[in-house]
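> Sharing run21.cif below, mmCIF, N, CA and C atoms:
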data_run
#
loop_
_atom_site.label_atom_id
_atom_site.label_comp_id
_atom_site.auth_asym_id
_atom_site.auth_seq_id
_atom_site.Cartn_x
_atom_site.Cartn_y
_atom_site.Cartn_z
N MET A 1 291.61 61.12 163.48
CA MET A 1 291.51 61.53 162.10
C MET A 1 291.51 60.26 161.23
N TYR A 2 290.64 60.25 160.26
CA TYR A 2 290.60 59.10 159.37
C TYR A 2 291.25 59.45 158.03
N ILE A 3 291.45 58.47 157.18
CA ILE A 3 292.22 58.63 155.94
C ILE A 3 291.59 59.63 154.97
N GLY A 4 290.25 59.73 154.92
CA GLY A 4 289.59 60.67 154.02
C GLY A 4 289.93 62.11 154.34
N GLU A 5 289.96 62.44 155.64
CA GLU A 5 290.33 63.80 156.04
C GLU A 5 291.77 64.10 155.66
N PHE A 6 292.64 63.12 155.86
CA PHE A 6 294.05 63.30 155.53
C PHE A 6 294.25 63.55 154.04
N LEU A 7 293.57 62.75 153.20
CA LEU A 7 293.73 62.91 151.76
C LEU A 7 293.14 64.22 151.27
N CYS A 8 292.00 64.62 151.79
CA CYS A 8 291.38 65.88 151.37
C CYS A 8 292.22 67.07 151.79
N ALA A 9 292.79 67.02 152.99
CA ALA A 9 293.63 68.12 153.45
C ALA A 9 294.88 68.23 152.57
N GLY A 10 295.48 67.11 152.24
CA GLY A 10 296.66 67.12 151.39
C GLY A 10 296.36 67.61 150.00
N LEU A 11 295.20 67.23 149.48
CA LEU A 11 294.82 67.66 148.15
C LEU A 11 294.54 69.15 148.11
N SER A 12 293.89 69.67 149.13
CA SER A 12 293.58 71.10 149.12
C SER A 12 294.83 71.93 149.28
N ARG A 13 295.84 71.40 149.92
CA ARG A 13 297.10 72.14 150.03
C ARG A 13 297.90 72.09 148.74
N SER A 14 297.78 71.02 147.97
CA SER A 14 298.63 70.86 146.79
C SER A 14 298.11 71.60 145.58
N LEU A 15 296.79 71.71 145.42
CA LEU A 15 296.24 72.36 144.24
C LEU A 15 294.85 72.87 144.56
N ALA A 16 294.68 74.19 144.48
CA ALA A 16 293.37 74.77 144.76
C ALA A 16 292.44 74.56 143.57
N SER A 17 292.87 74.96 142.40
CA SER A 17 292.10 74.75 141.19
C SER A 17 293.00 75.01 139.99
N LEU A 18 292.47 74.75 138.79
CA LEU A 18 293.23 74.98 137.57
C LEU A 18 292.94 76.35 136.96
N LEU A 19 292.24 77.21 137.66
CA LEU A 19 291.95 78.54 137.15
C LEU A 19 293.22 79.38 137.15
N PRO A 20 293.38 80.25 136.15
CA PRO A 20 294.64 81.00 136.02
C PRO A 20 295.01 81.83 137.25
N TRP A 21 294.03 82.35 137.99
CA TRP A 21 294.37 83.20 139.14
C TRP A 21 294.74 82.38 140.37
N ASP A 22 294.60 81.06 140.34
CA ASP A 22 294.99 80.21 141.46
C ASP A 22 296.32 79.49 141.23
N ILE A 23 296.95 79.73 140.12
CA ILE A 23 298.19 79.02 139.78
C ILE A 23 299.39 79.83 140.25
N PRO A 24 300.37 79.19 140.90
CA PRO A 24 301.57 79.93 141.32
C PRO A 24 302.50 80.17 140.11
N TRP A 25 302.31 81.30 139.45
CA TRP A 25 303.05 81.59 138.22
C TRP A 25 304.53 81.88 138.47
N HIS A 26 304.93 82.07 139.73
CA HIS A 26 306.34 82.33 140.01
C HIS A 26 307.21 81.09 139.77
N ASP A 27 306.61 79.93 139.76
CA ASP A 27 307.34 78.68 139.51
C ASP A 27 307.38 78.43 138.01
N PRO A 28 308.57 78.40 137.39
CA PRO A 28 308.66 78.24 135.93
C PRO A 28 308.02 76.94 135.41
N SER A 29 308.07 75.88 136.18
CA SER A 29 307.47 74.63 135.70
C SER A 29 305.95 74.76 135.59
N HIS A 30 305.34 75.47 136.53
CA HIS A 30 303.90 75.71 136.44
C HIS A 30 303.58 76.57 135.22
N THR A 31 304.39 77.58 134.99
CA THR A 31 304.15 78.48 133.87
C THR A 31 304.22 77.73 132.55
N VAL A 32 305.25 76.93 132.35
CA VAL A 32 305.40 76.19 131.10
C VAL A 32 304.25 75.22 130.91
N PHE A 33 303.91 74.46 131.95
CA PHE A 33 302.84 73.48 131.83
C PHE A 33 301.50 74.14 131.51
N PHE A 34 301.14 75.17 132.26
CA PHE A 34 299.82 75.75 132.07
C PHE A 34 299.71 76.59 130.80
N VAL A 35 300.81 77.19 130.35
CA VAL A 35 300.77 77.86 129.04
C VAL A 35 300.52 76.82 127.95
N ALA A 36 301.20 75.69 128.02
CA ALA A 36 300.97 74.63 127.03
C ALA A 36 299.55 74.06 127.17
N PHE A 37 299.08 73.89 128.39
CA PHE A 37 297.74 73.35 128.64
C PHE A 37 296.66 74.25 128.07
N TYR A 38 296.72 75.54 128.40
CA TYR A 38 295.70 76.47 127.91
C TYR A 38 295.83 76.70 126.40
N SER A 39 297.04 76.61 125.86
CA SER A 39 297.21 76.72 124.41
C SER A 39 296.55 75.54 123.70
N ALA A 40 296.74 74.35 124.23
CA ALA A 40 296.12 73.16 123.64
C ALA A 40 294.59 73.26 123.72
N LEU A 41 294.07 73.72 124.85
CA LEU A 41 292.62 73.90 124.96
C LEU A 41 292.13 74.94 123.96
N GLY A 42 292.90 75.98 123.75
CA GLY A 42 292.52 77.01 122.78
C GLY A 42 292.49 76.49 121.36
N VAL A 43 293.48 75.68 121.00
CA VAL A 43 293.52 75.09 119.65
C VAL A 43 292.35 74.14 119.45
N ILE A 44 292.05 73.33 120.44
CA ILE A 44 290.91 72.41 120.34
C ILE A 44 289.61 73.19 120.22
N GLY A 45 289.45 74.22 121.03
CA GLY A 45 288.24 75.05 120.96
C GLY A 45 288.11 75.75 119.62
N LEU A 46 289.21 76.27 119.09
CA LEU A 46 289.18 76.93 117.79
C LEU A 46 288.80 75.93 116.69
N GLY A 47 289.33 74.72 116.76
CA GLY A 47 288.98 73.69 115.79
C GLY A 47 287.50 73.33 115.84
N LEU A 48 286.96 73.26 117.05
CA LEU A 48 285.53 72.98 117.18
C LEU A 48 284.69 74.11 116.60
N LEU A 49 285.10 75.35 116.82
CA LEU A 49 284.36 76.48 116.27
C LEU A 49 284.41 76.49 114.74
N VAL A 50 285.57 76.18 114.17
CA VAL A 50 285.69 76.13 112.71
C VAL A 50 284.81 75.01 112.15
N ALA A 51 284.82 73.85 112.79
CA ALA A 51 283.98 72.74 112.33
C ALA A 51 282.50 73.10 112.41
N LEU A 52 282.10 73.75 113.48
CA LEU A 52 280.71 74.17 113.63
C LEU A 52 280.33 75.20 112.56
N ALA A 53 281.21 76.15 112.29
CA ALA A 53 280.92 77.17 111.28
C ALA A 53 280.81 76.56 109.89
N ARG A 54 281.71 75.62 109.57
CA ARG A 54 281.64 74.97 108.26
C ARG A 54 280.38 74.12 108.13
N THR A 55 280.00 73.46 109.21
CA THR A 55 278.78 72.65 109.19
C THR A 55 277.56 73.53 108.96
N LEU A 56 277.47 74.62 109.68
CA LEU A 56 276.34 75.52 109.51
C LEU A 56 276.32 76.14 108.12
N ARG A 57 277.49 76.47 107.58
CA ARG A 57 277.57 77.01 106.22
C ARG A 57 277.11 75.97 105.20
N ASN A 58 277.52 74.72 105.35
CA ASN A 58 277.11 73.66 104.43
C ASN A 58 275.62 73.36 104.53
N LEU A 59 275.06 73.49 105.74
CA LEU A 59 273.63 73.25 105.88
C LEU A 59 272.82 74.34 105.18
N GLY A 60 273.37 75.54 105.10
CA GLY A 60 272.67 76.64 104.48
C GLY A 60 272.73 76.65 102.95
N GLU A 61 273.65 75.88 102.38
CA GLU A 61 273.77 75.83 100.91
C GLU A 61 272.62 75.04 100.34
N LYS A 62 272.13 75.48 99.18
CA LYS A 62 271.01 74.80 98.54
C LYS A 62 271.46 73.59 97.72
N ASP A 63 272.56 73.73 97.01
CA ASP A 63 273.03 72.66 96.12
C ASP A 63 274.21 71.94 96.79
N VAL A 64 273.88 70.95 97.62
CA VAL A 64 274.91 70.23 98.35
C VAL A 64 275.06 68.84 97.74
N HIS A 65 276.29 68.49 97.37
CA HIS A 65 276.59 67.16 96.81
C HIS A 65 277.34 66.37 97.87
N HIS A 66 276.81 65.21 98.22
CA HIS A 66 277.44 64.36 99.21
C HIS A 66 278.20 63.27 98.54
#
Produce structure tokens that represent the structure in this file.


Amino acid sequence: MYIGEFLCAGLSRSLASLLPWDIPWHDPSHTVFFVAFYSALGVIGLGLLVALARTLRNLGEKDVHH
């Protein structure tokens, strides 16, 4: 066995993916971390949507002062 196989096997055992259905929610530390992680992603996504909506609204206005 070479080092690449060892590292890949260890990585696949430690974390399958960051998708919500692959996370061991029974562990409180995982729950706290991923709730904060997905909340931060949600806030960032919401901010991007608001910025996009305001940009599109400003582009549609006829009398725009820069």

> Could you tell me how far atom CA of Glu61 of chain A lies from atom CA of Leu49 of chain A, in Å and to one decimal?

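So the answer is 18.7 Å.
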
> Centre and edge lengths of an axis-aligned box around all listed atoms of segment 39-52 of chain A, with 3 Å added on each side, are to be given in Å to one decimal, as AutoDock Vina command-line options.


--center_x 288.8 --center_y 74.7 --center_z 119.0 --size_x 22.9 --size_y 10.6 --size_z 19.7

> What does the distance between atom CA of Leu56 of chain A and atom CA of Val43 of chain A come to in Å, to one decimal place?

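Interatomic distance, atom CA of Leu56 of chain A to atom CA of Val43 of chain A: 20.0 Å.
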